[in-house]
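A.B. asks: Compact mmCIF, C-alpha atoms, file work.txt:
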```txt
# COMPACT_ATOMS: atom_id res chain seq x y z
CA MET E 1 -163.51 -135.35 2.32
CA LEU E 2 -163.56 -137.90 -0.51
CA GLY E 3 -166.94 -139.60 -0.93
CA LEU E 4 -168.21 -142.43 -3.07
CA THR E 5 -169.34 -141.61 -6.59
CA LYS E 6 -171.79 -143.93 -8.31
CA PRO E 7 -169.14 -145.86 -10.26
CA SER E 8 -166.91 -146.36 -7.23
CA TYR E 9 -169.89 -147.44 -5.15
CA ARG E 10 -170.72 -150.12 -7.70
CA GLU E 11 -167.28 -151.59 -7.02
CA GLN E 12 -168.41 -151.99 -3.40
CA ASP E 13 -171.48 -154.06 -4.32
CA ASN E 14 -169.84 -157.28 -3.17
CA HIS E 15 -169.15 -155.81 0.26
CA ASP E 16 -171.79 -155.22 2.91
CA LEU E 17 -172.91 -151.64 3.34
CA SER E 18 -172.30 -151.68 7.09
CA THR E 19 -168.57 -152.18 6.43
CA VAL E 20 -168.62 -149.19 4.06
CA MET E 21 -170.38 -147.11 6.73
CA ARG E 22 -167.72 -147.92 9.31
CA SER E 23 -164.99 -146.86 6.87
CA PHE E 24 -166.90 -143.61 6.35
CA ASP E 25 -166.90 -142.92 10.07
CA ALA E 26 -163.13 -143.38 10.19
CA GLU E 27 -162.70 -140.93 7.30
CA CYS E 28 -165.09 -138.41 8.87
CA ARG E 29 -163.03 -138.26 12.05
CA ASN E 30 -159.99 -137.23 10.00
CA CYS E 31 -161.87 -134.76 7.81
CA SER E 32 -161.50 -130.99 8.24
CA PRO E 33 -164.03 -129.23 6.01
CA ALA E 34 -163.68 -125.48 5.51
CA SER E 35 -167.22 -125.02 6.84
CA PRO E 36 -170.24 -127.11 7.98
CA LEU E 37 -171.98 -126.03 4.77
CA GLN E 38 -169.23 -127.62 2.67
CA CYS E 39 -169.66 -130.86 4.62
CA ILE E 40 -173.42 -130.89 4.07
CA SER E 41 -173.29 -129.94 0.38
CA GLU E 42 -170.24 -131.89 -0.83
CA CYS E 43 -169.76 -134.91 1.43
CA LYS E 44 -171.04 -138.13 -0.13
CA ALA E 45 -170.88 -139.86 3.27
CA TYR E 46 -173.18 -137.23 4.78
CA LYS E 47 -175.66 -137.72 1.93
CA LEU E 48 -175.54 -141.50 2.27
CA LYS E 49 -176.23 -141.26 5.99
CA ASN E 50 -179.23 -139.02 5.34
CA GLU E 51 -180.45 -141.52 2.75
CA LEU E 52 -180.22 -144.32 5.29
CA ARG E 53 -182.05 -142.30 7.94
CA THR E 54 -184.91 -141.73 5.50
CA LEU E 55 -184.90 -145.32 4.30
CA ARG E 56 -185.02 -146.65 7.86
CA LYS E 57 -188.54 -145.22 8.22
CA ALA E 58 -189.69 -147.27 5.24
CA LEU E 59 -187.84 -150.39 6.40
CA SER E 60 -189.54 -150.15 9.80
CA ASN E 61 -192.84 -151.07 8.13
CA PRO E 62 -193.56 -154.76 8.91
CA ASP E 63 -195.04 -155.11 5.40
CA TYR E 64 -191.99 -153.58 3.72
CA MET E 65 -190.87 -156.70 1.82
CA ARG E 66 -194.38 -157.23 0.43
CA GLU E 67 -194.49 -153.62 -0.72
CA LEU E 68 -191.01 -153.89 -2.27
CA TRP E 69 -191.90 -157.04 -4.27
CA ASN E 70 -195.09 -155.40 -5.52
CA VAL E 71 -193.15 -152.32 -6.63
CA LEU E 72 -190.61 -154.47 -8.47
CA LYS E 73 -193.31 -156.47 -10.29
CA ASN E 74 -193.80 -153.75 -12.89
CA GLU E 75 -191.68 -153.61 -16.03
CA THR E 76 -192.16 -149.87 -16.57
CA ARG E 77 -190.97 -149.10 -13.02
CA LEU E 78 -187.91 -151.26 -13.63
CA GLN E 79 -187.16 -149.36 -16.84
CA ILE E 80 -187.48 -146.04 -15.02
CA LEU E 81 -185.27 -147.22 -12.15
CA GLN E 82 -182.63 -148.28 -14.68
CA ALA E 83 -182.82 -144.88 -16.37
CA ILE E 84 -182.45 -142.85 -13.16
CA ALA E 85 -179.67 -145.17 -12.00
CA ASN E 86 -177.65 -144.08 -15.03
CA SER E 87 -178.40 -140.35 -14.68
CA ARG E 88 -180.87 -137.93 -13.12
CA HIS E 89 -184.11 -137.41 -15.03
CA THR E 90 -187.07 -135.07 -14.83
CA VAL E 91 -190.55 -136.47 -15.36
CA GLY E 92 -190.55 -134.92 -18.84
CA GLN E 93 -187.28 -136.61 -19.74
CA LEU E 94 -188.59 -139.95 -18.49
CA GLN E 95 -191.70 -139.45 -20.61
CA GLN E 96 -189.51 -139.03 -23.70
CA GLU E 97 -187.39 -142.04 -22.67
CA LEU E 98 -190.47 -144.23 -22.44
CA LYS E 99 -191.81 -142.85 -25.72
CA ARG E 100 -188.62 -144.01 -27.46
CA LYS E 101 -189.38 -147.49 -26.11
CA GLY E 102 -192.88 -147.37 -27.59
CA GLN E 103 -194.72 -146.45 -24.37
CA ILE E 104 -197.03 -143.43 -24.37
CA GLN E 105 -197.49 -142.31 -20.75
CA SER E 106 -198.74 -139.04 -19.30
CA GLN E 107 -196.47 -137.22 -16.86
CA THR E 108 -199.13 -137.66 -14.15
CA THR E 109 -199.12 -141.44 -14.67
CA ILE E 110 -195.32 -141.55 -14.61
CA SER E 111 -195.25 -139.59 -11.34
CA GLU E 112 -198.09 -141.37 -9.53
CA GLU E 113 -197.86 -144.95 -10.86
CA TYR E 114 -194.12 -145.37 -11.27
CA LEU E 115 -191.97 -142.76 -9.50
CA HIS E 116 -193.92 -142.36 -6.26
CA PRO E 117 -193.89 -146.13 -5.51
CA LEU E 118 -190.12 -146.23 -6.19
CA VAL E 119 -189.61 -143.32 -3.77
CA ALA E 120 -191.91 -144.90 -1.15
CA VAL E 121 -189.73 -148.03 -0.84
CA GLY E 122 -186.47 -146.07 -0.94
CA LEU E 123 -185.28 -147.05 -4.42
CA ALA E 124 -185.48 -143.49 -5.76
CA ALA E 125 -185.35 -139.94 -4.43
CA GLN E 126 -186.15 -136.47 -5.70
CA ALA E 127 -183.98 -133.34 -5.81
CA GLY E 128 -185.83 -130.36 -7.23
CA GLU E 129 -187.51 -131.54 -10.42
CA GLU E 130 -185.09 -134.43 -10.95
CA TYR E 131 -185.31 -138.05 -9.80
CA PHE E 132 -182.32 -140.30 -9.13
CA ALA E 133 -181.65 -143.80 -7.80
CA THR E 134 -180.65 -143.97 -4.16
CA THR E 135 -177.66 -145.99 -3.02
CA PHE E 136 -180.13 -148.73 -2.12
CA GLY E 137 -181.63 -148.50 -5.60
CA LEU E 138 -178.18 -148.69 -7.19
CA ARG E 139 -177.46 -151.92 -5.34
CA LEU E 140 -180.57 -153.49 -6.85
CA THR E 141 -180.16 -152.33 -10.45
CA PRO E 142 -177.83 -155.22 -11.47
CA LEU E 143 -180.74 -157.58 -10.67
CA LEU E 144 -183.43 -155.73 -12.63
CA GLY E 145 -183.19 -157.98 -15.69
CA ARG E 146 -184.22 -160.99 -13.64
CA PHE E 147 -187.10 -159.13 -12.02
CA GLN E 148 -188.68 -158.50 -15.41
CA GLN E 149 -189.50 -162.19 -15.25
CA LEU E 150 -191.02 -161.69 -11.81
CA ALA E 151 -193.24 -158.96 -13.26
CA GLN E 152 -194.34 -161.23 -16.12
CA LYS E 153 -195.08 -164.36 -14.11
CA LEU E 154 -196.56 -163.19 -10.79
CA PRO E 155 -199.57 -161.00 -9.91
CA ALA E 156 -198.79 -157.28 -9.77
CA HIS E 157 -200.61 -156.57 -6.51
CA SER E 158 -200.67 -159.45 -4.04
CA GLU E 159 -199.86 -160.60 -0.53
CA CYS E 160 -196.67 -162.09 -2.04
CA TYR E 161 -197.26 -165.67 -0.89
CA GLU E 162 -195.65 -166.78 -4.16
CA GLU E 163 -192.45 -164.87 -3.39
CA THR E 164 -192.36 -166.29 0.15
CA LEU E 165 -192.76 -169.86 -1.08
CA LEU E 166 -190.15 -169.51 -3.86
CA GLN E 167 -187.52 -168.42 -1.35
CA SER E 168 -188.54 -171.18 1.06
CA LEU E 169 -188.04 -173.84 -1.63
CA LEU E 170 -184.38 -172.83 -2.03
CA THR E 171 -183.65 -175.15 0.91
CA GLY E 172 -185.16 -178.10 -1.00
CA PRO E 173 -188.49 -179.62 -2.13
CA LYS E 174 -191.41 -179.52 0.31
CA THR E 175 -194.59 -181.50 0.77
CA PHE E 176 -198.03 -179.92 0.81
CA GLU E 177 -198.01 -180.17 4.60
CA ASP E 178 -194.61 -178.43 4.80
CA ILE E 179 -195.88 -175.61 2.60
CA GLU E 180 -198.90 -175.09 4.85
CA ILE E 181 -196.44 -174.06 7.57
CA VAL E 182 -194.83 -171.47 5.29
CA ILE E 183 -197.94 -169.74 3.92
CA SER E 184 -201.59 -169.49 4.90
CA GLN E 185 -203.32 -172.87 4.55
CA LYS E 186 -206.29 -171.46 2.61
CA ASN E 187 -203.95 -170.05 -0.05
CA VAL E 188 -201.70 -173.07 -0.63
CA ALA E 189 -203.62 -174.67 -3.51
CA ARG E 190 -204.01 -171.37 -5.39
CA VAL E 191 -200.35 -170.41 -4.93
CA LEU E 192 -199.11 -173.84 -6.06
CA LYS E 193 -201.31 -173.72 -9.14
CA ARG E 194 -200.06 -170.23 -10.06
CA LEU E 195 -196.38 -171.13 -9.62
CA SER E 196 -196.82 -174.40 -11.53
CA SER E 197 -198.54 -172.59 -14.42
CA ALA E 198 -195.64 -170.09 -14.49
CA LYS E 199 -193.22 -173.06 -14.62
CA LEU E 200 -191.42 -171.85 -11.50
CA ILE E 201 -192.12 -175.03 -9.51
CA ALA E 202 -192.70 -178.65 -10.49
CA SER E 203 -193.75 -181.91 -8.87
CA PRO E 204 -193.54 -185.56 -9.94
CA LYS E 205 -196.46 -187.09 -11.80
CA GLU E 206 -198.81 -188.97 -9.50
CA ARG E 207 -197.90 -192.45 -10.74
CA ASP E 208 -194.35 -191.83 -9.50
CA TYR E 209 -195.42 -191.33 -5.87
CA ILE E 210 -195.64 -195.09 -5.30
CA PHE E 211 -192.27 -196.81 -5.03
CA LEU E 212 -191.72 -200.55 -5.13
CA PHE E 213 -189.09 -202.27 -3.00
CA LYS E 214 -187.49 -205.70 -2.86
CA SER E 215 -187.92 -207.32 0.57
CA LYS E 216 -185.15 -209.13 2.48
CA ARG E 217 -186.88 -212.50 2.17
CA ASP E 218 -184.75 -215.21 0.50
CA PRO E 219 -186.09 -215.57 -3.10
CA ASN E 220 -184.65 -219.11 -3.33
CA LYS E 221 -187.47 -220.31 -1.10
CA GLU E 222 -190.10 -219.40 -3.68
CA ASN E 223 -190.95 -220.48 -7.20
CA PHE E 224 -191.21 -217.77 -9.89
CA THR E 225 -192.99 -217.52 -13.17
CA THR E 226 -190.89 -215.93 -15.95
CA THR E 227 -192.70 -212.59 -15.59
CA GLU E 228 -192.45 -212.62 -11.80
CA ARG E 229 -188.70 -213.20 -11.98
CA LYS E 230 -188.27 -210.41 -14.54
CA ILE E 231 -190.11 -207.95 -12.30
CA TYR E 232 -188.41 -209.15 -9.10
CA ASP E 233 -184.92 -208.80 -10.59
CA ALA E 234 -185.69 -205.20 -11.60
CA LEU E 235 -186.64 -204.23 -8.04
CA SER E 236 -184.07 -202.79 -5.64
CA ASP E 237 -183.63 -202.06 -1.95
CA GLN E 238 -183.65 -198.32 -2.73
CA GLY E 239 -187.04 -198.45 -4.45
CA ILE E 240 -188.27 -197.90 -8.01
CA SER E 241 -191.39 -196.25 -9.42
CA VAL E 242 -193.90 -198.20 -11.47
CA GLY E 243 -193.17 -196.00 -14.47
CA THR E 244 -189.44 -196.68 -14.35
CA LEU E 245 -190.05 -200.40 -13.73
CA ALA E 246 -192.31 -200.53 -16.79
CA LYS E 247 -189.55 -199.02 -18.95
CA GLU E 248 -186.87 -201.38 -17.64
CA THR E 249 -188.96 -204.53 -18.00
CA GLU E 250 -190.82 -203.40 -21.14
CA LEU E 251 -194.06 -204.48 -19.45
CA SER E 252 -197.22 -202.42 -19.07
CA ALA E 253 -198.11 -200.91 -15.71
CA ARG E 254 -201.25 -203.08 -15.65
CA ILE E 255 -199.21 -206.29 -15.92
CA ILE E 256 -196.70 -205.07 -13.33
CA TYR E 257 -199.47 -204.38 -10.79
CA ARG E 258 -200.98 -207.84 -11.47
CA TYR E 259 -197.72 -209.70 -10.81
CA LEU E 260 -196.79 -207.48 -7.90
CA ARG E 261 -199.81 -208.82 -6.05
CA CYS E 262 -198.24 -212.28 -6.40
CA LEU E 263 -194.80 -211.07 -5.25
CA LYS E 264 -196.36 -209.27 -2.28
CA GLY E 265 -198.27 -212.44 -1.40
CA LYS E 266 -194.94 -214.29 -1.30
CA LYS E 267 -193.52 -211.45 0.86
CA LEU E 268 -190.84 -210.72 -1.76
CA ALA E 269 -191.90 -207.15 -2.53
CA PHE E 270 -193.73 -204.25 -0.90
CA CYS E 271 -194.98 -200.78 -1.82
CA ARG E 272 -194.38 -197.48 -0.08
CA ARG E 273 -196.22 -194.28 -0.85
CA THR E 274 -193.92 -191.25 -1.00
CA PRO E 275 -195.58 -187.89 -0.23
CA LYS E 276 -195.85 -185.57 -3.22
CA THR E 277 -193.26 -182.80 -3.09
CA TYR E 278 -192.87 -179.47 -4.86
CA GLY E 279 -189.49 -178.13 -5.93
CA LEU E 280 -188.07 -175.25 -7.93
CA THR E 281 -187.53 -175.52 -11.65
CA PHE E 282 -184.29 -174.13 -13.14
CA VAL E 283 -186.02 -170.81 -13.87
CA GLY E 284 -187.66 -170.80 -10.45
CA GLU E 285 -184.34 -171.37 -8.70
CA LYS E 286 -182.68 -168.47 -10.56
CA LEU E 287 -185.53 -166.16 -9.65
CA ALA E 288 -185.65 -167.30 -6.01
CA SER E 289 -181.87 -166.86 -5.71
CA SER E 290 -182.18 -163.28 -7.00
CA MET E 291 -184.94 -162.62 -4.49
CA GLN E 292 -182.74 -163.94 -1.70
CA VAL E 293 -179.98 -161.52 -2.76
CA VAL E 294 -182.49 -158.65 -2.49
CA GLN E 295 -183.54 -159.90 0.95
CA LYS E 296 -179.92 -159.83 2.09
CA ILE E 297 -179.40 -156.33 0.67
CA VAL E 298 -182.47 -155.14 2.60
CA GLU E 299 -181.18 -156.71 5.82
CA ASP E 300 -177.74 -155.18 5.29
CA THR E 301 -179.31 -151.78 4.62
CA TRP E 302 -181.30 -152.05 7.85
CA ASP E 303 -178.13 -152.91 9.78
CA SER E 304 -176.34 -149.96 8.19
CA SER E 305 -179.17 -147.58 9.03
CA GLU E 306 -178.95 -148.75 12.64
CA ILE E 307 -175.26 -147.82 12.69
CA VAL E 308 -176.17 -144.33 11.42
CA VAL E 309 -178.88 -143.88 14.06
CA LYS E 310 -176.68 -145.04 16.92
CA THR E 311 -173.48 -143.25 15.83
CA PRO E 312 -173.60 -139.45 15.99
CA ASP E 313 -171.87 -137.48 13.24
CA PRO E 314 -168.35 -136.35 14.18
CA PRO E 315 -168.20 -132.68 15.27
```
In structure tokens, what does this structure look like?
C.D. replies:
Amino acid sequence: MLGLTKPSYREQDNHDLSTVMRSFDAECRNCSPASPLQCISECKAYKLKNELRTLRKALSNPDYMRELWNVLKNETRLQILQAIANSRHTVGQLQQELKRKGQIQSQTTISEEYLHPLVAVGLAAQAGEEYFATTFGLRLTPLLGRFQQLAQKLPAHSECYEETLLQSLLTGPKTFEDIEIVISQKNVARVLKRLSSAKLIASPKERDYIFLFKSKRDPNKENFTTTERKIYDALSDQGISVGTLAKETELSARIIYRYLRCLKGKKLAFCRRTPKTYGLTFVGEKLASSMQVVQKIVEDTWDSSEIVVKTPDPP
């Protein structure tokens, strides 16, 4: 039976794995191997199914996504995953590969700190003394460049509140109160500070929370000073911040606030406080989008493993 080699599988990256699995089942029904041993040793479909059965055990862990993010937040692990995605490597060969990149690592460190975590989350597997990227690992390798940024900007070992919030903000900016629903209330301030420092999220400056609006009262019924008229004409029904109003009128914020009291007294203007919101920066959106792709790959892999578990191999 014809199976999928690594290059041909990469061409399937834009298709969900469950569809590939169903096509495998159709091919298996029409396959006539010379012996069961040939099927086990040569069939790529058989090997992929075994991979998915093994991976399903890891995916069943309720903390799997947290563990996966923590594994990916390590540049050396990403380099090793890239290397074993291209070809199989022994620990000794990986040691030499890292040495060429200027990293001196013992074989014990490479095995325990880098390879074992990759195997634990199903990104890598071992055959004899060699390590290779699993099909799941191969699907993630095109994203590795972006996850180097994740490793640089976020804590290596964490509860992954930052990752959760970044993905949540893909739907749009959120207020502090909205964010408290997404992650633990006691962690919100710390997480926001960390993401802001990493320039992954941003929020307006405080002076821009207050917006000024023109009321519906007829201005012809009131007398204006020159400054009052200048400020009133710059107001709009949609609202304007004090900072923007200061630029448009070329007046200081102090003067604007002084004359606004007069306009409010004449019921010609009013203020409305807009809750502070937090949104993704350009870099934050790119990273969060990549994380969402990984999330979808994990969900697709889970669905595919369910097909394997529920569908017996053809006789």
A.B. asks: I'd like the neighbourhood of E:Ser236 as a PyMOL selection string, where a residue qualifies if any of its atoms comes within 10 Å (using only C-alpha atoms), though same-chain residues fewer than 3 positions away should be ignored.
C.D. replies: chain E and resi 212-215+232-233+239-240+269
A.B. asks: Using all atoms listed in the file, can you tell me which of E:Phe147, E:Phe211, E:Tyr64, E:Phe136 comes closest to E:Arg77?
C.D. replies: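 The answer is E:Phe147, which sits nearest to E:Arg77.
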A.B. asks: If we count only C-alpha atoms, what is near stretch 185-200 of chain E at a cut-off of 10 Å, once residues fewer than 4 positions away on the same chain are taken out, given as a PyMOL selection string?
C.D. replies: chain E and resi 150+152-155+160-163+165-166+176-177+179-181+278-288
A.B. asks: Just give me the gap between atom CA of E:Glu75 and atom CA of E:Gln148 in Å, one decimal is fine.
C.D. replies: 5.8 Å
A.B. asks: Which of these, E:Arg66, E:Arg229, E:His89, E:Lys57, has the shortest distance to E:Leu263 once you count only C-alpha atoms?
C.D. replies: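 Nearest candidate to E:Leu263 out of E:Arg66, E:Arg229, E:His89, E:Lys57: E:Arg229.
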A.B. asks: Closest to E:Ile110 among E:Ala133, E:Leu81, E:Met65, E:Val242, using only C-alpha atoms?
C.D. replies: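 That would be E:Leu81, the residue with the smallest distance to E:Ile110.
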A.B. asks: Could you list, as a PyMOL selection string, every residue within 12 Å of E:Arg56, counting all atoms listed in the file and ignoring same-chain residues fewer than 2 positions away?
C.D. replies: chain E and resi 49-54+58-62+64+120-122+136+298-309
A.B. asks: Just want the 8 Å neighbourhood of E:Thr135, counted on all atoms listed in the file, with same-chain residues fewer than 3 positions away dropped. Output as a list in words.
C.D. replies: Leu48, Glu51, Leu123, Leu138 and Arg139 of chain E
A.B. asks: Which residue gives the smallest distance to E:Ala85 among E:Ser168, E:Thr134, E:Ser111, E:Gln238, with all atoms listed in the file counted?
C.D. replies: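 Of E:Ser168, E:Thr134, E:Ser111, E:Gln238, the one nearest E:Ala85, counting all atoms listed in the file, is E:Thr134.
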A.B. asks: One decimal, in Å: what's the spacing between atom CA of E:Lys174 and atom CA of E:Thr274?
C.D. replies: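 Between atom CA of E:Lys174 and atom CA of E:Thr274 the gap works out to 12.1 Å.
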